[in-house]
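See below for query-v8.cif, which holds mmCIF, C-alpha atoms.
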```
data_start
#
loop_
_atom_site.group_PDB
_atom_site.id
_atom_site.type_symbol
_atom_site.label_atom_id
_atom_site.label_comp_id
_atom_site.auth_asym_id
_atom_site.auth_seq_id
_atom_site.Cartn_x
_atom_site.Cartn_y
_atom_site.Cartn_z
ATOM 1 C CA MET F 122 62.987 -20.463 -25.521
ATOM 2 C CA LEU F 123 62.277 -23.523 -27.696
ATOM 3 C CA ARG F 124 62.506 -25.780 -24.643
ATOM 4 C CA VAL F 125 59.861 -23.730 -22.841
ATOM 5 C CA ARG F 126 57.552 -23.755 -25.858
ATOM 6 C CA THR F 127 57.953 -27.524 -26.137
ATOM 7 C CA ARG F 128 56.998 -28.004 -22.481
ATOM 8 C CA LEU F 129 53.993 -25.712 -22.801
ATOM 9 C CA GLY F 130 52.869 -27.562 -25.934
ATOM 10 C CA ARG F 131 52.683 -30.983 -24.272
ATOM 11 C CA SER F 132 49.257 -31.783 -25.766
ATOM 12 C CA THR F 133 50.529 -30.901 -29.251
ATOM 13 C CA ALA F 134 53.556 -33.166 -28.802
ATOM 14 C CA VAL F 135 51.319 -36.016 -27.634
ATOM 15 C CA ARG F 136 49.064 -35.563 -30.675
ATOM 16 C CA TYR F 137 52.039 -35.707 -33.059
ATOM 17 C CA LEU F 138 53.429 -38.814 -31.351
ATOM 18 C CA ASP F 139 50.019 -40.503 -31.565
ATOM 19 C CA LEU F 140 49.911 -39.741 -35.298
ATOM 20 C CA LEU F 141 53.377 -41.247 -35.755
ATOM 21 C CA ALA F 142 52.289 -44.417 -33.940
ATOM 22 C CA VAL F 143 49.257 -44.724 -36.231
ATOM 23 C CA ALA F 144 51.484 -44.319 -39.304
ATOM 24 C CA LEU F 145 54.001 -46.926 -38.074
ATOM 25 C CA LYS F 146 51.495 -49.525 -36.838
ATOM 26 C CA PRO F 147 50.903 -51.138 -40.288
ATOM 27 C CA LYS F 148 54.651 -51.815 -40.498
ATOM 28 C CA GLY F 149 54.345 -54.169 -37.508
ATOM 29 C CA TYR F 150 56.069 -52.112 -34.823
ATOM 30 C CA ARG F 151 55.051 -52.122 -31.171
ATOM 31 C CA PHE F 152 54.844 -49.040 -28.979
ATOM 32 C CA VAL F 153 55.301 -47.898 -25.420
ATOM 33 C CA TRP F 154 53.749 -44.508 -24.793
ATOM 34 C CA LEU F 155 55.920 -42.772 -22.218
ATOM 35 C CA TYR F 156 53.678 -39.773 -21.755
ATOM 36 C CA ARG F 157 50.778 -40.972 -19.713
ATOM 37 C CA PRO F 158 51.066 -38.679 -16.658
ATOM 38 C CA ASP F 159 49.772 -41.270 -14.178
ATOM 39 C CA GLU F 160 52.326 -43.900 -15.277
ATOM 40 C CA PHE F 161 55.298 -41.832 -16.499
ATOM 41 C CA PRO F 162 55.363 -38.380 -14.890
ATOM 42 C CA ILE F 163 58.062 -36.916 -17.157
ATOM 43 C CA SER F 164 57.935 -33.474 -18.706
ATOM 44 C CA LEU F 165 58.828 -34.417 -22.297
ATOM 45 C CA PRO F 166 56.431 -36.869 -23.966
ATOM 46 C CA LEU F 167 58.255 -39.831 -25.531
ATOM 47 C CA LEU F 168 57.192 -42.668 -27.816
ATOM 48 C CA TRP F 169 59.265 -45.833 -27.761
ATOM 49 C CA VAL F 170 58.954 -47.699 -31.064
ATOM 50 C CA CYS F 171 60.037 -51.351 -30.728
ATOM 51 C CA ALA F 172 60.786 -54.179 -33.124
ATOM 52 C CA VAL F 173 62.265 -57.650 -32.948
ATOM 53 C CA GLY F 174 65.347 -58.145 -35.060
ATOM 54 C CA PRO F 175 67.445 -61.236 -35.699
ATOM 55 C CA ASP F 176 69.692 -60.391 -32.738
ATOM 56 C CA GLY F 177 66.963 -59.338 -30.313
ATOM 57 C CA HIS F 178 64.869 -56.276 -29.674
ATOM 58 C CA VAL F 179 65.671 -52.857 -31.111
ATOM 59 C CA GLY F 180 63.970 -49.582 -30.472
ATOM 60 C CA LEU F 181 63.783 -45.928 -31.214
ATOM 61 C CA VAL F 182 62.654 -43.358 -28.666
ATOM 62 C CA VAL F 183 61.013 -40.405 -30.399
ATOM 63 C CA SER F 184 60.041 -36.983 -29.097
ATOM 64 C CA ALA F 185 58.206 -34.115 -30.758
ATOM 65 C CA ARG F 186 59.803 -30.700 -30.178
ATOM 66 C CA VAL F 187 59.308 -27.130 -31.275
ATOM 67 C CA VAL F 188 61.938 -26.018 -33.800
ATOM 68 C CA ALA F 189 62.931 -22.592 -35.036
ATOM 69 C CA GLY F 190 60.072 -20.794 -36.742
ATOM 70 C CA GLY F 191 57.433 -22.303 -34.461
ATOM 71 C CA ALA F 192 57.033 -25.595 -36.329
ATOM 72 C CA TRP F 193 57.263 -29.021 -34.709
ATOM 73 C CA ALA F 194 59.646 -31.843 -35.629
ATOM 74 C CA TYR F 195 60.262 -35.424 -34.574
ATOM 75 C CA HIS F 196 63.598 -36.089 -32.874
ATOM 76 C CA GLU F 197 65.397 -39.203 -31.738
ATOM 77 C CA ALA F 198 65.192 -38.563 -27.997
ATOM 78 C CA GLN F 199 68.730 -39.700 -27.152
ATOM 79 C CA GLY F 200 70.125 -37.041 -29.501
ATOM 80 C CA GLY F 201 68.015 -34.219 -28.095
ATOM 81 C CA ARG F 202 67.772 -31.346 -30.546
ATOM 82 C CA TYR F 203 70.611 -32.912 -32.558
ATOM 83 C CA GLY F 204 68.557 -36.072 -33.131
ATOM 84 C CA TYR F 205 66.338 -34.420 -35.749
ATOM 85 C CA LEU F 206 64.322 -36.938 -37.791
ATOM 86 C CA PHE F 207 61.614 -35.156 -39.789
ATOM 87 C CA PRO F 208 59.033 -32.350 -39.552
ATOM 88 C CA CYS F 209 55.793 -33.318 -37.809
ATOM 89 C CA GLY F 210 53.755 -31.849 -40.679
ATOM 90 C CA ASP F 211 54.488 -34.890 -42.880
ATOM 91 C CA VAL F 212 53.790 -37.869 -40.650
ATOM 92 C CA LEU F 213 54.039 -40.453 -43.449
ATOM 93 C CA ALA F 214 57.520 -39.298 -44.436
ATOM 94 C CA ALA F 215 58.502 -39.198 -40.754
ATOM 95 C CA ALA F 216 57.271 -42.788 -40.381
ATOM 96 C CA GLU F 217 59.387 -43.817 -43.383
ATOM 97 C CA GLN F 218 62.445 -42.172 -41.805
ATOM 98 C CA ALA F 219 61.820 -43.939 -38.472
ATOM 99 C CA ASP F 220 61.279 -47.227 -40.341
ATOM 100 C CA LYS F 221 64.635 -46.839 -42.103
ATOM 101 C CA LEU F 222 66.413 -46.161 -38.798
ATOM 102 C CA LEU F 223 64.834 -49.190 -37.157
ATOM 103 C CA LYS F 224 65.636 -51.447 -40.112
ATOM 104 C CA HIS F 225 69.225 -50.252 -39.991
ATOM 105 C CA LYS F 226 69.358 -51.169 -36.289
ATOM 106 C CA MET F 227 67.845 -54.604 -36.987
ATOM 107 C CA TYR F 228 69.986 -55.335 -40.041
ATOM 108 C CA PRO F 229 73.066 -53.092 -39.850
ATOM 109 C CA GLY F 230 74.812 -54.612 -42.877
ATOM 110 C CA ASN F 231 72.046 -53.752 -45.341
ATOM 111 C CA ALA F 232 71.653 -50.430 -47.138
ATOM 112 C CA TRP F 233 68.173 -49.070 -46.426
#
```

Can I see the file as structure tokens?
Amino acid sequence: MLRVRTRLGRSTAVRYLDLLAVALKPKGYRFVWLYRPDEFPISLPLLWVCAVGPDGHVGLVVSARVVAGGAWAYHEAQGGRYGYLFPCGDVLAAAEQADKLLKHKMYPGNAW
């Protein structure tokens, strides 16, 4: 049932992903929006957040999904529902969580 509600709420997911991109932009990340229907005709909107680390490029693919109770949450797309990051209601905290994950990918030996 949650999968169906996520698909029907495509515009809501896109809005949440746009808000996350706005919150992450001051941190210097780049973005690829994988939810423009003319370019990427996929059912689940995705936002690819990219950065350049000392060993090359790193990225995080984020989706916004409906969770139990009818709320929305950001998820790391590769993990599906198990890739939970943060609720969509607090975009600044979600951006901090994504920033920590990306920094860990760029500099795996440091404690973020």

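Closest approach to F:Tyr203 among F:Arg186, F:Lys148, F:Arg136, F:Lys221: F:Arg186, based on only C-alpha atoms.
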
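You will find atom CA of F:Ala144 at 11.4 Å from atom CA of F:Gln218.
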
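What the PyMOL selection byres ((chain F and resi 175-185) around 7) matches in the given file is F:Ala134, F:Tyr137, F:Leu138, F:Pro166, F:Leu167, F:Leu168, F:Trp169, F:Val170, F:Cys171, F:Ala172, F:Val173, F:Gly174, F:Arg186, F:Trp193, F:Ala194, F:Tyr195, F:His196, F:Glu197, F:Ala198, F:Leu223, F:Lys226, F:Met227.
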
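Nearest residue to F:Leu155 among F:Val187, F:Val135, F:Leu213, F:Leu222 is F:Val135, counting all atoms listed in the file.
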
Requested in this report: Excluding F:Ala192 and residues on its chain fewer than 3 positions from it, collect all residues at most 10 Å away from it, counting only C-alpha atoms, and give them as a ChimeraX atom specification.
Outcome: /F:186-189,208-210

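The two atoms in question, atom CA of F:Tyr156 and atom CA of F:Asp139, are spaced 10.5 Å apart.
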
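Note that atom CA of F:Ser164 and atom CA of F:Leu140 are 19.5 Å apart.
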
Report summary line: Restricting to only C-alpha atoms, whichever of F:Lys224, F:Phe207, F:Pro229, F:Ser132 is closest to F:Gly149 is F:Lys224
